[in-house]
Amino acid sequence: MSEITLRYRLTLEDLLNFNKIALSGNFRSMRIASMFLAVLTGGLFIATGMKLTGIGFAAAFLLSGLIYPAIVRRKTKKALGSSFFLSHDLQLEFYNDHLVEKMLPTQESALETENHIPFEKIIHITESDDLFLFLISPLEAIVAPKRAFSDEDRKKLFYLIQNLFSDKFDRINLDKIMKEDKSNKGKRG
């Protein structure tokens, strides 16, 4: 018998929130790279007496850093809109030493999958305002929306995290990440 059993269907918003977390490092890297290139190329052209060209290149690099997150978000939303996971109910079961992720069949699809993941395979657990993410690799995570947890399930999960994963857990604030992204846009422009 499992300690915690959750049943839920992922929404497009859940998948977008997951991608915001996954891509936040890329956004920061792109901002840093665009600022560096703006200063470097702008400075080089200005130093050689080509003021307008230097300002133009600096502006272009700063603009690319500004619009990169918006382009990625738009493409991500479009790609995720047809995600296979949005049409299936998922069930997540927590046991004493592993968890089981199941994709349940629907009327349209008889596909049913079941993945058993030992706790030692979980490399990191991240919590945002809306999600728990159980990272199995840098590119793969089990996404569990908080709305699927009862108060009792949430207490059990925190007890499990405290006892087994305290060194692998962090709390992130997506709103803070997105505000930093927006506030840096103003600083770059």
# chains A, B, ... in the order shown; residues from 1 in each chain; ligands from 1
>>> select_by_dssp(residues="region 18-166 of chain A", states="helix (DSSP H, G or I)", output="PyMOL selection string")
chain A and resi 18-47+51-80+84-87+119-121+146-148+151-164+166
>>> residues_around(residues="Lys121 (chain A)", least_positions_apart="5", cutoff="10 Å", atoms="only C-alpha atoms", output="ChimeraX atom specification")
/A:98,134-137
>>> residues_around(residues="Thr113 (chain A)", least_positions_apart="3", cutoff="9 Å", atoms="only C-alpha atoms", output="PDB file with N, CA and C atoms, in the first residue's frame")
ATOM      1  N   GLU A 101       5.095   6.227 -11.132  1.00  0.00           N
ATOM      2  CA  GLU A 101       4.367   7.180 -11.962  1.00  0.00           C
ATOM      3  C   GLU A 101       3.605   6.371 -13.012  1.00  0.00           C
ATOM      4  N   LYS A 102       2.301   6.577 -13.070  1.00  0.00           N
ATOM      5  CA  LYS A 102       1.465   5.849 -14.034  1.00  0.00           C
ATOM      6  C   LYS A 102       0.732   6.833 -14.934  1.00  0.00           C
ATOM      7  N   MET A 103       0.708   6.512 -16.225  1.00  0.00           N
ATOM      8  CA  MET A 103      -0.148   7.223 -17.154  1.00  0.00           C
ATOM      9  C   MET A 103      -1.330   6.298 -17.400  1.00  0.00           C
ATOM     10  N   LEU A 104      -2.511   6.766 -17.076  1.00  0.00           N
ATOM     11  CA  LEU A 104      -3.702   5.936 -17.133  1.00  0.00           C
ATOM     12  C   LEU A 104      -4.357   6.002 -18.513  1.00  0.00           C
ATOM     13  N   PRO A 105      -5.005   4.925 -18.933  1.00  0.00           N
ATOM     14  CA  PRO A 105      -5.655   4.930 -20.247  1.00  0.00           C
ATOM     15  C   PRO A 105      -6.873   5.857 -20.258  1.00  0.00           C
TER      16      PRO A 105
END
>>> residues_around(residues="region 145-158 of chain A", least_positions_apart="5", cutoff="10 Å", atoms="only C-alpha atoms", output="CSV table (one decimal) with N, CA and C atoms, in the first residue's frame")
chain,number,residue,atom,x,y,z
A,3,GLU,N,2.1,5.2,0.5
A,3,GLU,CA,2.0,6.2,1.6
A,3,GLU,C,1.1,7.3,1.1
A,4,ILE,N,1.4,7.7,-0.2
A,4,ILE,CA,0.6,8.9,-0.8
A,4,ILE,C,0.3,8.4,-2.2
A,5,THR,N,-1.0,8.6,-2.6
A,5,THR,CA,-1.4,8.4,-3.9
A,5,THR,C,-2.1,9.6,-4.5
A,6,LEU,N,-1.6,10.1,-5.6
A,6,LEU,CA,-2.2,11.3,-6.2
A,6,LEU,C,-2.7,11.0,-7.6
A,7,ARG,N,-3.8,11.5,-7.9
A,7,ARG,CA,-4.3,11.4,-9.3
A,7,ARG,C,-4.7,12.8,-9.8
A,8,TYR,N,-4.1,13.1,-11.0
A,8,TYR,CA,-4.3,14.4,-11.6
A,8,TYR,C,-4.1,14.4,-13.1
A,9,ARG,N,-4.5,15.5,-13.7
A,9,ARG,CA,-4.2,15.7,-15.1
A,9,ARG,C,-3.4,17.0,-15.2
A,10,LEU,N,-2.3,16.9,-15.9
A,10,LEU,CA,-1.5,18.1,-16.1
A,10,LEU,C,-2.2,19.1,-17.0
A,11,THR,N,-2.0,20.4,-16.7
A,11,THR,CA,-2.5,21.4,-17.5
A,11,THR,C,-1.4,22.1,-18.3
A,14,ASP,N,0.7,24.0,-15.9
A,14,ASP,CA,1.7,23.2,-15.2
A,14,ASP,C,3.0,23.0,-16.0
A,15,LEU,N,2.8,22.7,-17.3
A,15,LEU,CA,4.0,22.4,-18.1
A,15,LEU,C,4.7,23.7,-18.4
A,91,GLN,N,-1.1,9.2,-12.3
A,91,GLN,CA,-1.2,8.7,-10.9
A,91,GLN,C,0.2,8.6,-10.4
A,92,LEU,N,0.4,9.2,-9.2
A,92,LEU,CA,1.7,9.2,-8.6
A,92,LEU,C,1.6,8.5,-7.2
A,94,PHE,N,3.7,7.2,-3.8
A,94,PHE,CA,4.9,7.2,-3.0
A,94,PHE,C,4.9,6.0,-2.1
A,127,GLU,N,10.4,22.9,-5.3
A,127,GLU,CA,9.0,23.3,-5.0
A,127,GLU,C,8.8,24.7,-5.5
A,128,SER,N,7.8,25.0,-6.2
A,128,SER,CA,7.4,26.3,-6.6
A,128,SER,C,6.1,26.6,-5.9
A,129,ASP,N,5.4,27.7,-6.3
A,129,ASP,CA,4.1,28.0,-5.7
A,129,ASP,C,3.1,27.0,-6.1
A,130,ASP,N,3.2,26.4,-7.3
A,130,ASP,CA,2.2,25.5,-7.8
A,130,ASP,C,2.6,24.1,-8.0
A,131,LEU,N,3.9,23.8,-8.0
A,131,LEU,CA,4.4,22.5,-8.4
A,131,LEU,C,5.4,21.9,-7.4
A,132,PHE,N,5.5,20.6,-7.4
A,132,PHE,CA,6.6,19.9,-6.9
A,132,PHE,C,7.3,19.2,-8.1
A,133,LEU,N,8.6,19.3,-8.2
A,133,LEU,CA,9.3,18.7,-9.3
A,133,LEU,C,10.3,17.7,-8.7
A,163,ASN,N,13.0,13.7,5.9
A,163,ASN,CA,13.8,12.5,6.4
A,163,ASN,C,14.7,11.9,5.3
A,164,LEU,N,14.3,12.0,4.0
A,164,LEU,CA,15.1,11.4,3.0
A,164,LEU,C,15.8,12.3,2.0
A,165,PHE,N,15.2,13.5,1.8
A,165,PHE,CA,15.7,14.4,0.8
A,165,PHE,C,16.1,15.8,1.2
A,166,SER,N,16.4,16.0,2.5
A,166,SER,CA,16.6,17.3,3.0
A,166,SER,C,17.8,18.0,2.3
>>> atom_distance(atom1="CA of His116 (chain A)", atom2="CA of Phe18 (chain A)")
21.3 Å
>>> select_by_dssp(residues="chain A", states="strand (DSSP E or B)", output="JSON, numbers by chain")
{"A": [4, 5, 6, 7, 8, 9, 89, 90, 91, 92, 93, 94, 98, 99, 100, 101, 102, 103, 113, 114, 115, 116, 117, 118, 124, 125, 126, 127, 131, 132, 133, 134, 135, 136, 137, 140, 141, 142, 143, 144, 145, 169, 170, 171]}
>>> atom_distance(atom1="CA of Val72 (chain A)", atom2="CA of Ile142 (chain A)")
21.8 Å
>>> residues_around(residues="Lys51 (chain A)", least_positions_apart="6", cutoff="9 Å", atoms="only C-alpha atoms", output="list of chain:residue names")
A:Gly42, A:Gly43, A:Phe45
>>> write_last_selection(atoms="all heavy atoms", output="compact mmCIF listing (two decimals), in the first residue's frame")
# COMPACT_ATOMS: atom_id res chain seq x y z
N GLY A 42 30.32 47.08 -28.87
CA GLY A 42 30.08 48.53 -28.84
C GLY A 42 31.36 49.27 -28.50
O GLY A 42 31.72 50.27 -29.15
N GLY A 43 32.07 48.78 -27.49
CA GLY A 43 33.32 49.42 -27.08
C GLY A 43 34.38 49.37 -28.17
O GLY A 43 35.10 50.35 -28.41
N PHE A 45 33.96 49.11 -31.49
CA PHE A 45 33.63 50.00 -32.60
C PHE A 45 33.79 51.47 -32.20
O PHE A 45 34.28 52.28 -32.99
CB PHE A 45 32.20 49.74 -33.12
CG PHE A 45 32.11 48.58 -34.06
CD1 PHE A 45 31.52 47.39 -33.67
CD2 PHE A 45 32.62 48.68 -35.35
CE1 PHE A 45 31.43 46.32 -34.54
CE2 PHE A 45 32.53 47.61 -36.23
CZ PHE A 45 31.94 46.42 -35.82
>>> atom_distance(atom1="CA of Glu93 (chain A)", atom2="CA of Tyr159 (chain A)")
15.3 Å
>>> closest_residue(among="A:His124, A:His88, A:Arg74, A:Lys168", to="Leu16 (chain A)", atoms="only C-alpha atoms")
A:Arg74
>>> residues_around(residues="Thr53 (chain A)", least_positions_apart="6", cutoff="12 Å", atoms="only C-alpha atoms", output="number ranges by chain")
A: 38, 41-47, 59-60
>>> residues_around(residues="Ala22 (chain A)", least_positions_apart="6", cutoff="10 Å", atoms="only C-alpha atoms", output="list in words")
Leu16, Pro138, Leu139, Glu140 and Ala141 of chain A
>>> decode(residues="region 29-177 of chain A", atoms="C-alpha atoms", output="PDB file, in the first residue's frame")
ATOM      1  CA  SER A  29      22.946  33.131 -19.381  1.00  0.00           C
ATOM      2  CA  MET A  30      21.472  34.815 -22.452  1.00  0.00           C
ATOM      3  CA  ARG A  31      21.127  38.134 -20.595  1.00  0.00           C
ATOM      4  CA  ILE A  32      24.732  37.982 -19.422  1.00  0.00           C
ATOM      5  CA  ALA A  33      26.010  37.007 -22.877  1.00  0.00           C
ATOM      6  CA  SER A  34      24.029  39.751 -24.624  1.00  0.00           C
ATOM      7  CA  MET A  35      25.275  42.401 -22.160  1.00  0.00           C
ATOM      8  CA  PHE A  36      28.859  41.182 -22.534  1.00  0.00           C
ATOM      9  CA  LEU A  37      28.651  41.228 -26.340  1.00  0.00           C
ATOM     10  CA  ALA A  38      26.996  44.663 -26.304  1.00  0.00           C
ATOM     11  CA  VAL A  39      29.792  46.148 -24.202  1.00  0.00           C
ATOM     12  CA  LEU A  40      32.555  44.339 -26.105  1.00  0.00           C
ATOM     13  CA  THR A  41      31.428  45.071 -29.664  1.00  0.00           C
ATOM     14  CA  GLY A  42      30.085  48.526 -28.837  1.00  0.00           C
ATOM     15  CA  GLY A  43      33.323  49.421 -27.082  1.00  0.00           C
ATOM     16  CA  LEU A  44      35.489  48.091 -29.911  1.00  0.00           C
ATOM     17  CA  PHE A  45      33.628  50.002 -32.599  1.00  0.00           C
ATOM     18  CA  ILE A  46      33.518  53.187 -30.547  1.00  0.00           C
ATOM     19  CA  ALA A  47      37.250  52.858 -29.799  1.00  0.00           C
ATOM     20  CA  THR A  48      37.987  52.624 -33.528  1.00  0.00           C
ATOM     21  CA  GLY A  49      35.958  55.769 -34.198  1.00  0.00           C
ATOM     22  CA  MET A  50      32.803  54.097 -35.493  1.00  0.00           C
ATOM     23  CA  LYS A  51      30.405  55.492 -32.901  1.00  0.00           C
ATOM     24  CA  LEU A  52      27.108  54.847 -34.695  1.00  0.00           C
ATOM     25  CA  THR A  53      28.091  51.312 -35.674  1.00  0.00           C
ATOM     26  CA  GLY A  54      29.159  50.582 -32.078  1.00  0.00           C
ATOM     27  CA  ILE A  55      25.889  51.910 -30.685  1.00  0.00           C
ATOM     28  CA  GLY A  56      23.953  49.922 -33.313  1.00  0.00           C
ATOM     29  CA  PHE A  57      25.699  46.643 -32.474  1.00  0.00           C
ATOM     30  CA  ALA A  58      25.339  47.247 -28.728  1.00  0.00           C
ATOM     31  CA  ALA A  59      21.627  47.975 -29.157  1.00  0.00           C
ATOM     32  CA  ALA A  60      21.144  44.850 -31.299  1.00  0.00           C
ATOM     33  CA  PHE A  61      22.789  42.599 -28.705  1.00  0.00           C
ATOM     34  CA  LEU A  62      20.816  44.177 -25.859  1.00  0.00           C
ATOM     35  CA  LEU A  63      17.596  43.779 -27.838  1.00  0.00           C
ATOM     36  CA  SER A  64      18.345  40.110 -28.520  1.00  0.00           C
ATOM     37  CA  GLY A  65      18.783  39.551 -24.769  1.00  0.00           C
ATOM     38  CA  LEU A  66      15.488  41.326 -24.200  1.00  0.00           C
ATOM     39  CA  ILE A  67      13.366  39.357 -26.643  1.00  0.00           C
ATOM     40  CA  TYR A  68      14.972  35.915 -26.205  1.00  0.00           C
ATOM     41  CA  PRO A  69      12.810  34.894 -23.189  1.00  0.00           C
ATOM     42  CA  ALA A  70       9.606  36.019 -24.925  1.00  0.00           C
ATOM     43  CA  ILE A  71      10.436  34.037 -28.069  1.00  0.00           C
ATOM     44  CA  VAL A  72      11.286  30.917 -26.056  1.00  0.00           C
ATOM     45  CA  ARG A  73       8.077  31.190 -24.011  1.00  0.00           C
ATOM     46  CA  ARG A  74       5.926  31.607 -27.127  1.00  0.00           C
ATOM     47  CA  LYS A  75       7.529  28.620 -28.877  1.00  0.00           C
ATOM     48  CA  THR A  76       7.306  26.528 -25.700  1.00  0.00           C
ATOM     49  CA  LYS A  77       3.612  27.322 -25.252  1.00  0.00           C
ATOM     50  CA  LYS A  78       2.903  26.398 -28.871  1.00  0.00           C
ATOM     51  CA  ALA A  79       4.851  23.131 -28.608  1.00  0.00           C
ATOM     52  CA  LEU A  80       3.266  22.141 -25.300  1.00  0.00           C
ATOM     53  CA  GLY A  81      -0.261  22.884 -26.487  1.00  0.00           C
ATOM     54  CA  SER A  82      -0.362  19.529 -28.249  1.00  0.00           C
ATOM     55  CA  SER A  83       1.447  17.591 -25.528  1.00  0.00           C
ATOM     56  CA  PHE A  84       0.446  13.988 -25.127  1.00  0.00           C
ATOM     57  CA  PHE A  85       0.479  14.366 -21.323  1.00  0.00           C
ATOM     58  CA  LEU A  86      -2.393  16.872 -21.361  1.00  0.00           C
ATOM     59  CA  SER A  87      -4.865  14.202 -22.500  1.00  0.00           C
ATOM     60  CA  HIS A  88      -4.077  11.527 -19.890  1.00  0.00           C
ATOM     61  CA  ASP A  89      -4.716  11.253 -16.175  1.00  0.00           C
ATOM     62  CA  LEU A  90      -1.597  10.577 -14.175  1.00  0.00           C
ATOM     63  CA  GLN A  91      -1.236   8.722 -10.916  1.00  0.00           C
ATOM     64  CA  LEU A  92       1.738   9.168  -8.621  1.00  0.00           C
ATOM     65  CA  GLU A  93       2.281   6.738  -5.748  1.00  0.00           C
ATOM     66  CA  PHE A  94       4.879   7.219  -3.012  1.00  0.00           C
ATOM     67  CA  TYR A  95       6.142   4.132  -1.194  1.00  0.00           C
ATOM     68  CA  ASN A  96       8.825   3.768   1.491  1.00  0.00           C
ATOM     69  CA  ASP A  97      11.734   3.444  -0.950  1.00  0.00           C
ATOM     70  CA  HIS A  98      10.421   4.386  -4.401  1.00  0.00           C
ATOM     71  CA  LEU A  99       7.676   6.123  -6.301  1.00  0.00           C
ATOM     72  CA  VAL A 100       5.536   4.917  -9.163  1.00  0.00           C
ATOM     73  CA  GLU A 101       4.367   7.180 -11.962  1.00  0.00           C
ATOM     74  CA  LYS A 102       1.465   5.849 -14.034  1.00  0.00           C
ATOM     75  CA  MET A 103      -0.148   7.223 -17.154  1.00  0.00           C
ATOM     76  CA  LEU A 104      -3.702   5.936 -17.133  1.00  0.00           C
ATOM     77  CA  PRO A 105      -5.655   4.930 -20.247  1.00  0.00           C
ATOM     78  CA  THR A 106      -8.426   7.144 -21.627  1.00  0.00           C
ATOM     79  CA  GLN A 107     -11.418   6.517 -23.861  1.00  0.00           C
ATOM     80  CA  GLU A 108      -9.372   7.736 -26.833  1.00  0.00           C
ATOM     81  CA  SER A 109      -6.187   5.833 -26.010  1.00  0.00           C
ATOM     82  CA  ALA A 110      -5.617   2.479 -24.345  1.00  0.00           C
ATOM     83  CA  LEU A 111      -1.986   3.416 -23.683  1.00  0.00           C
ATOM     84  CA  GLU A 112      -0.968   2.785 -20.093  1.00  0.00           C
ATOM     85  CA  THR A 113       2.549   3.197 -18.744  1.00  0.00           C
ATOM     86  CA  GLU A 114       4.107   2.627 -15.368  1.00  0.00           C
ATOM     87  CA  ASN A 115       7.534   3.808 -14.201  1.00  0.00           C
ATOM     88  CA  HIS A 116       9.113   2.683 -10.925  1.00  0.00           C
ATOM     89  CA  ILE A 117      11.678   5.176  -9.655  1.00  0.00           C
ATOM     90  CA  PRO A 118      13.839   4.292  -6.644  1.00  0.00           C
ATOM     91  CA  PHE A 119      14.386   7.264  -4.322  1.00  0.00           C
ATOM     92  CA  GLU A 120      18.146   7.123  -4.883  1.00  0.00           C
ATOM     93  CA  LYS A 121      17.514   7.997  -8.571  1.00  0.00           C
ATOM     94  CA  ILE A 122      15.921  11.334  -7.577  1.00  0.00           C
ATOM     95  CA  ILE A 123      18.724  13.881  -7.863  1.00  0.00           C
ATOM     96  CA  HIS A 124      16.803  16.950  -6.698  1.00  0.00           C
ATOM     97  CA  ILE A 125      13.363  18.080  -5.529  1.00  0.00           C
ATOM     98  CA  THR A 126      12.156  21.590  -6.263  1.00  0.00           C
ATOM     99  CA  GLU A 127       9.012  23.264  -5.017  1.00  0.00           C
ATOM    100  CA  SER A 128       7.418  26.329  -6.581  1.00  0.00           C
ATOM    101  CA  ASP A 129       4.136  27.992  -5.677  1.00  0.00           C
ATOM    102  CA  ASP A 130       2.177  25.530  -7.826  1.00  0.00           C
ATOM    103  CA  LEU A 131       4.371  22.465  -8.382  1.00  0.00           C
ATOM    104  CA  PHE A 132       6.639  19.861  -6.882  1.00  0.00           C
ATOM    105  CA  LEU A 133       9.326  18.683  -9.300  1.00  0.00           C
ATOM    106  CA  PHE A 134      11.173  15.423  -8.704  1.00  0.00           C
ATOM    107  CA  LEU A 135      14.226  15.605 -10.960  1.00  0.00           C
ATOM    108  CA  ILE A 136      15.520  12.270 -12.193  1.00  0.00           C
ATOM    109  CA  SER A 137      18.083  13.817 -14.540  1.00  0.00           C
ATOM    110  CA  PRO A 138      18.915  17.340 -15.655  1.00  0.00           C
ATOM    111  CA  LEU A 139      16.405  16.879 -18.487  1.00  0.00           C
ATOM    112  CA  GLU A 140      13.673  14.768 -16.880  1.00  0.00           C
ATOM    113  CA  ALA A 141      11.366  15.424 -13.958  1.00  0.00           C
ATOM    114  CA  ILE A 142       8.130  14.170 -12.503  1.00  0.00           C
ATOM    115  CA  VAL A 143       5.770  17.132 -12.284  1.00  0.00           C
ATOM    116  CA  ALA A 144       3.250  16.979  -9.427  1.00  0.00           C
ATOM    117  CA  PRO A 145       0.862  19.923  -9.149  1.00  0.00           C
ATOM    118  CA  LYS A 146       0.127  20.997  -5.579  1.00  0.00           C
ATOM    119  CA  ARG A 147      -3.614  21.032  -6.282  1.00  0.00           C
ATOM    120  CA  ALA A 148      -3.460  17.202  -6.377  1.00  0.00           C
ATOM    121  CA  PHE A 149      -2.297  17.011  -2.735  1.00  0.00           C
ATOM    122  CA  SER A 150      -4.675  16.895   0.186  1.00  0.00           C
ATOM    123  CA  ASP A 151      -3.468  18.532   3.409  1.00  0.00           C
ATOM    124  CA  GLU A 152      -2.648  15.085   4.770  1.00  0.00           C
ATOM    125  CA  ASP A 153      -0.727  14.131   1.610  1.00  0.00           C
ATOM    126  CA  ARG A 154       1.255  17.363   1.818  1.00  0.00           C
ATOM    127  CA  LYS A 155       2.212  16.642   5.441  1.00  0.00           C
ATOM    128  CA  LYS A 156       3.334  13.135   4.491  1.00  0.00           C
ATOM    129  CA  LEU A 157       5.365  14.481   1.581  1.00  0.00           C
ATOM    130  CA  PHE A 158       7.112  17.079   3.746  1.00  0.00           C
ATOM    131  CA  TYR A 159       7.891  14.377   6.294  1.00  0.00           C
ATOM    132  CA  LEU A 160       9.349  12.215   3.510  1.00  0.00           C
ATOM    133  CA  ILE A 161      11.398  15.122   2.133  1.00  0.00           C
ATOM    134  CA  GLN A 162      12.652  16.069   5.591  1.00  0.00           C
ATOM    135  CA  ASN A 163      13.777  12.520   6.369  1.00  0.00           C
ATOM    136  CA  LEU A 164      15.077  11.351   2.983  1.00  0.00           C
ATOM    137  CA  PHE A 165      15.749  14.356   0.773  1.00  0.00           C
ATOM    138  CA  SER A 166      16.621  17.311   3.000  1.00  0.00           C
ATOM    139  CA  ASP A 167      19.925  17.814   1.159  1.00  0.00           C
ATOM    140  CA  LYS A 168      18.225  17.594  -2.269  1.00  0.00           C
ATOM    141  CA  PHE A 169      15.332  20.018  -1.676  1.00  0.00           C
ATOM    142  CA  ASP A 170      14.886  23.715  -2.423  1.00  0.00           C
ATOM    143  CA  ARG A 171      12.037  26.174  -2.629  1.00  0.00           C
ATOM    144  CA  ILE A 172      11.940  28.481  -5.599  1.00  0.00           C
ATOM    145  CA  ASN A 173       9.693  31.394  -6.385  1.00  0.00           C
ATOM    146  CA  LEU A 174       8.713  31.564 -10.048  1.00  0.00           C
ATOM    147  CA  ASP A 175       7.193  35.012  -9.571  1.00  0.00           C
ATOM    148  CA  LYS A 176      10.572  36.238  -8.301  1.00  0.00           C
ATOM    149  CA  ILE A 177      12.373  34.660 -11.271  1.00  0.00           C
TER     150      ILE A 177
END
